[in-house]
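To start, the structure itself, in structure tokens.
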Amino acid sequence: MNNGEYESDRGNIADPDSPSNESRRAFFKTTGATILAAPAILTSRESSAQAIPDESLLPSPPTRPWQRELPEEVEPLEQTDLSDDAYPPQGSANTANGECGRNDHQRWDDFFGAHPLESGQADTYELRAEAITDYEFHPDYPKQLVWHYIGKNSSGGDYHNPTFHARYGRPVIVRLYNELPSNHTGFGTPEISMHLHNLHTPSESDGFPGDYFSATKAGPTLNGPGQFKDHFYPNIYAGYDEFPKSVKNPVGGDKREALGTLWYHDHCLDFTAPNANRGLAGFYLLYDELDSGDEHDPNPAALRLPSGAYDYPLAFQDKRFDANGMHIFEEMSSEGTLGDKVTVNGIIEPILKVASRKYRFRLLNAGIARFYQFHLVAANNVQQSFTYIANDGNLLPKPLLNRKNVRLGVAERADIVVDFSLYPQGTELYLVNRWEQTSSRGPKGVKAPGMKVLKFIVDREPDEPDVSQVPAKLRPIRRPTATEIATAPVRYWRFERKNGMWAINDKFVNVRSAGANMAMGSFEIWELDNPSGGWSHPVHIHFEEGHILNRYVDGIEVTVPVHERGRKDVYVLGPNEKVRLFMRFRDFPGKYVMHCHNMIHEDHAMMVRWDILG
């Protein structure tokens, strides 16, 4: 790896236990990571590659807008009592009964005792990764293949890519079954590793890219394959050892570091982009005493933000379709496939009918490579105002009022509050993307009027009076002290193009070996540098969040945008841009990664493993 040669982290390609789509790795080995003139486009139903005679893809077929409605409410996933299962969750991997060879759950005894999980000790859920063959992105396109996480809704039916509602202080166990077809053809690979982005989670449940599994295959950092994997999410605040549990601190950790809007997606090594683009992604919403998820909460500490049906997650994904309306993605090229159709919660150009009151929208860029600058506009394209309350899942210290746009790099989140009571019934509003982008390398500029991706219709009065609010103060944050900044070691990371691939500090990813080691309880300043003028990198650091100290463009310090002055886990590096951030390393030792969350760049080796040493 140190000599710049591309090394596969997936073993010998002739090994019968190597992943089913190992031809992609064979391609890199035999071509030296160069790009073919006629890229291979793998479709959802066809196993053969289609030769594309031009460097650019044809646009997706046109679609009639506003043909389907989103549900008026996003319900929470129903629990499954795993403690009553024949094989209840336990600290060590239950390989004898079908679990993959994960490492032991850290601190299991601290939460549950030295025995398998007992009733009432955690909220437990069951998910199954399945192939759905009759999914409809839009009525103008044929029904086709997607991969979804499947749970159960309140009526016992299948719930696709469900939304979790969790609470700090209440542990969660998620049992994930891999039921994807082992004989899959087309883009993607049926081995999976589910990452909950960006919960403070022990490494064995983080969804480490090398921890992928199926019933017959295991990644290089697992001890064996399996039919399922149990994920342990303790739902504690970061700083659990520094701020231990007590009568005044019943959860444990620093409540200033609470998260609210999280999401989960597949993170299989080398195949994150195609697997997530197939549809493996969903929301995980986390509440506590302050952000309680109840606008009627009598607790004087509660913020009483819009809740229930009016707390609405919206995930945006860029996708591309061939002339027949079939979803396509290019795995071989390090440029990948930039989508020109935007799905909202899996649907192209949907309608959301809203009541005349305040809504909290949790915006997520769950896509592969496209950046967004969203504007809320009236039918005549006049911009409307909203309130910006959270970035990357973290409530800001105070709301940003009268905002006219919000920018999202890949994997960034933003919570906004829109007050529809300001509009007469029958009003139509649109969420519009004005950030132009023509390649997967990044956005180029802002141009009006932009692309309409979602239509709102104010169509009714609320069922009850709107008692929700947006207080003048939201969540305080703990900033690093001047002494901590002055004494913190500085670690430098350079994100760059190399041999037609993407590299960090001149190296490609090797999940078997740590590129850096940090002592438990330590802190550092990380410098993330993008010295290129040709591409952007939304850099994601697993497990711990950071504080941006400085931003530089072309070596000149620039003002850190106000919405980036809280905690973050995704740091967008534009061309010739550098960011300095303060990081802590706490509570759970083990292996984690940092990578470009442009999933195409990530899959083409722009990722590094780093370890916390206990």
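Starting from 1 in every chain, residues are counted up; chains themselves are A, B, ... following the order of the structure tokens, and ligands are numbered from 1 as listed.
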So that I can check the surroundings of Lys404 (chain A), please list as a list in words every protein, DNA and RNA residue that reaches within 10 Å of it, counting only C-alpha atoms and ignoring chain neighbours fewer than 4 positions away. Phe374, His375, Leu376, Val377, Gln383, Gln384, Ser385, Phe386, Thr387 and Tyr388 of chain A
I'd like the neighbourhood of region 548-564 of chain A as a ChimeraX atom specification, where a residue qualifies if any of its atoms comes within 12 Å (using only C-alpha atoms), though same-chain residues fewer than 6 positions away should be ignored. /A:387-401,403,405-408,412-416,479-482,485-486,524-533,570-583
Quick one: which region 284-362 of chain A residues come within 12 Å of region 199-214 of chain A, and what is the nearest atom pair for each with the distance in Å to one decimal, counting only C-alpha atoms, rows ordered by chain and ascending number, as JSON lines?
{"residue": "A:Tyr284", "atom": "CA", "partner": "A:Leu199", "partner_atom": "CA", "distance": 9.4}
{"residue": "A:Leu285", "atom": "CA", "partner": "A:Leu199", "partner_atom": "CA", "distance": 10.5}
{"residue": "A:Leu286", "atom": "CA", "partner": "A:Leu199", "partner_atom": "CA", "distance": 9.4}
Which of region 229-401 of chain A end up as helix (DSSP H, G or I) when DSSP is run on this backbone - answer as a list of chain:residue names?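 Written out, the helix (DSSP H, G or I) residues of region 229-401 of chain A are A:Lys255, A:Arg256, A:Glu257, A:Thr272, A:Ala273, A:Pro274, A:Asn275, A:Ala276, A:Asn277, A:Arg278, A:Gly308, A:Ala309, A:Tyr310.
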Could you pull out the residues in region 391-458 of chain A that DSSP calls strand (DSSP E) from the backbone, as a count of residues only? 44
Would you mind listing what lies within 8 Å of Thr337 (chain A) as a PyMOL selection string, with only C-alpha atoms counted and same-chain residues fewer than 2 positions away left out? chain A and resi 320+329-330+335+339+440
Between CA of Glu69 (chain A) and CA of Glu126 (chain A), what distance in Å does the model show, to one decimal?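 According to the coordinates, CA of Glu69 (chain A) and CA of Glu126 (chain A) are separated by 27.6 Å.
In this comparison, which uses only C-alpha atoms, the residue of A:Arg565, A:Arg360, A:Lys248, A:Arg475 approaching Leu290 (chain A) most closely is A:Arg475.
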Considering only C-alpha atoms, can you say which of A:Ala309, A:Leu259, A:Val470, A:Val490 comes closest to Gly566 (chain A)? A:Leu259
Produce a table with one row for each residue of region 114-220 of chain A that has an atom at most 6 Å from any atom of region 267-280 of chain A, each row naming the nearest atom pair and its distance in Å at one decimal; use only C-alpha atoms; arrange rows by chain and rising residue number; format as JSON lines.
{"residue": "A:Val146", "atom": "CA", "partner": "A:Arg278", "partner_atom": "CA", "distance": 5.2}
{"residue": "A:Trp147", "atom": "CA", "partner": "A:Gly279", "partner_atom": "CA", "distance": 5.2}
{"residue": "A:His148", "atom": "CA", "partner": "A:Leu280", "partner_atom": "CA", "distance": 5.0}
{"residue": "A:Gly188", "atom": "CA", "partner": "A:Pro274", "partner_atom": "CA", "distance": 4.8}
{"residue": "A:Ile192", "atom": "CA", "partner": "A:Cys268", "partner_atom": "CA", "distance": 5.2}
{"residue": "A:Ser193", "atom": "CA", "partner": "A:Cys268", "partner_atom": "CA", "distance": 5.1}
{"residue": "A:Met194", "atom": "CA", "partner": "A:His267", "partner_atom": "CA", "distance": 5.9}
{"residue": "A:His195", "atom": "CA", "partner": "A:His267", "partner_atom": "CA", "distance": 6.0}
{"residue": "A:Pro209", "atom": "CA", "partner": "A:Leu269", "partner_atom": "CA", "distance": 4.5}
{"residue": "A:Gly210", "atom": "CA", "partner": "A:Leu269", "partner_atom": "CA", "distance": 5.7}
{"residue": "A:Tyr212", "atom": "CA", "partner": "A:Cys268", "partner_atom": "CA", "distance": 5.5}
Could you write out that same residue set with N, CA and C atoms as an mmCIF file, in the first residue's frame?
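Generated file (part.cif):
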data_model
loop_
_atom_site.group_PDB
_atom_site.id
_atom_site.type_symbol
_atom_site.label_atom_id
_atom_site.label_comp_id
_atom_site.auth_asym_id
_atom_site.auth_seq_id
_atom_site.Cartn_x
_atom_site.Cartn_y
_atom_site.Cartn_z
ATOM 1 N N VAL A 146 -35.081 -2.871 -6.479
ATOM 2 C CA VAL A 146 -34.390 -2.072 -5.472
ATOM 3 C C VAL A 146 -34.008 -3.002 -4.325
ATOM 4 N N TRP A 147 -33.107 -2.542 -3.493
ATOM 5 C CA TRP A 147 -32.806 -3.219 -2.234
ATOM 6 C C TRP A 147 -33.247 -2.313 -1.101
ATOM 7 N N HIS A 148 -34.010 -2.859 -0.160
ATOM 8 C CA HIS A 148 -34.495 -2.079 0.975
ATOM 9 C C HIS A 148 -34.263 -2.826 2.279
ATOM 10 N N GLY A 188 -23.909 -3.475 -7.623
ATOM 11 C CA GLY A 188 -24.053 -3.778 -6.205
ATOM 12 C C GLY A 188 -23.557 -5.174 -5.885
ATOM 13 N N ILE A 192 -23.266 -6.987 3.011
ATOM 14 C CA ILE A 192 -23.676 -5.701 3.581
ATOM 15 C C ILE A 192 -22.983 -5.434 4.909
ATOM 16 N N SER A 193 -22.878 -4.146 5.234
ATOM 17 C CA SER A 193 -22.400 -3.698 6.535
ATOM 18 C C SER A 193 -23.150 -2.409 6.858
ATOM 19 N N MET A 194 -24.062 -2.452 7.801
ATOM 20 C CA MET A 194 -24.957 -1.314 8.073
ATOM 21 C C MET A 194 -24.300 -0.322 9.032
ATOM 22 N N HIS A 195 -24.142 0.910 8.568
ATOM 23 C CA HIS A 195 -23.541 1.993 9.358
ATOM 24 C C HIS A 195 -24.620 2.938 9.841
ATOM 25 N N PRO A 209 -16.552 -0.725 7.184
ATOM 26 C CA PRO A 209 -16.651 -1.249 5.817
ATOM 27 C C PRO A 209 -16.139 -2.675 5.644
ATOM 28 N N GLY A 210 -15.093 -3.042 6.376
ATOM 29 C CA GLY A 210 -14.560 -4.399 6.253
ATOM 30 C C GLY A 210 -15.347 -5.440 6.995
ATOM 31 N N TYR A 212 -18.354 -6.463 6.371
ATOM 32 C CA TYR A 212 -19.501 -6.906 5.574
ATOM 33 C C TYR A 212 -19.706 -8.408 5.733
#
Expressed in Å to a single decimal, how great is the separation between CA of Pro142 (chain A) and CA of Thr343 (chain A)?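 Separation of CA of Pro142 (chain A) and CA of Thr343 (chain A): 15.3 Å.
Using only C-alpha atoms for every distance, the candidate list A:Tyr430, A:Tyr240, A:Phe543, A:Tyr177 yields A:Tyr430 as the residue closest to Asn380 (chain A).
The interatomic distance for the pair CA of Val539 (chain A) and CA of Leu180 (chain A) works out to 29.3 Å.
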Would you mind listing what lies within 8 Å of Thr124 (chain A) as a ChimeraX atom specification, with only C-alpha atoms counted and same-chain residues fewer than 5 positions away left out? /A:79-82,172-175
Of the candidates A:Tyr372, A:Asp587, A:Glu72, A:Gly253, which shows the shortest atom-to-atom distance to Lys447 (chain A), using only C-alpha atoms?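 Closest residue, counting only C-alpha atoms: A:Tyr372.
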Report as a list in words all protein, DNA and RNA residues lying within 7 Å of Pro589 (chain A), evaluated on only C-alpha atoms, omitting residues in the same chain fewer than 4 positions from it.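 Once the nearby chain positions are removed, what remains is Met520, Ile612, Leu613 and Gly614 of chain A.
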Counting only C-alpha atoms, which residue out of A:Ala93, A:Met607, A:Val511, A:Ile368 sits closest to Gly219 (chain A)? A:Val511
With distances taken over only C-alpha atoms, which residue among A:Ala488, A:Ala355, A:Val446, A:Ile132 lies nearest Asp419 (chain A)?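 Closest candidate: A:Ala355.
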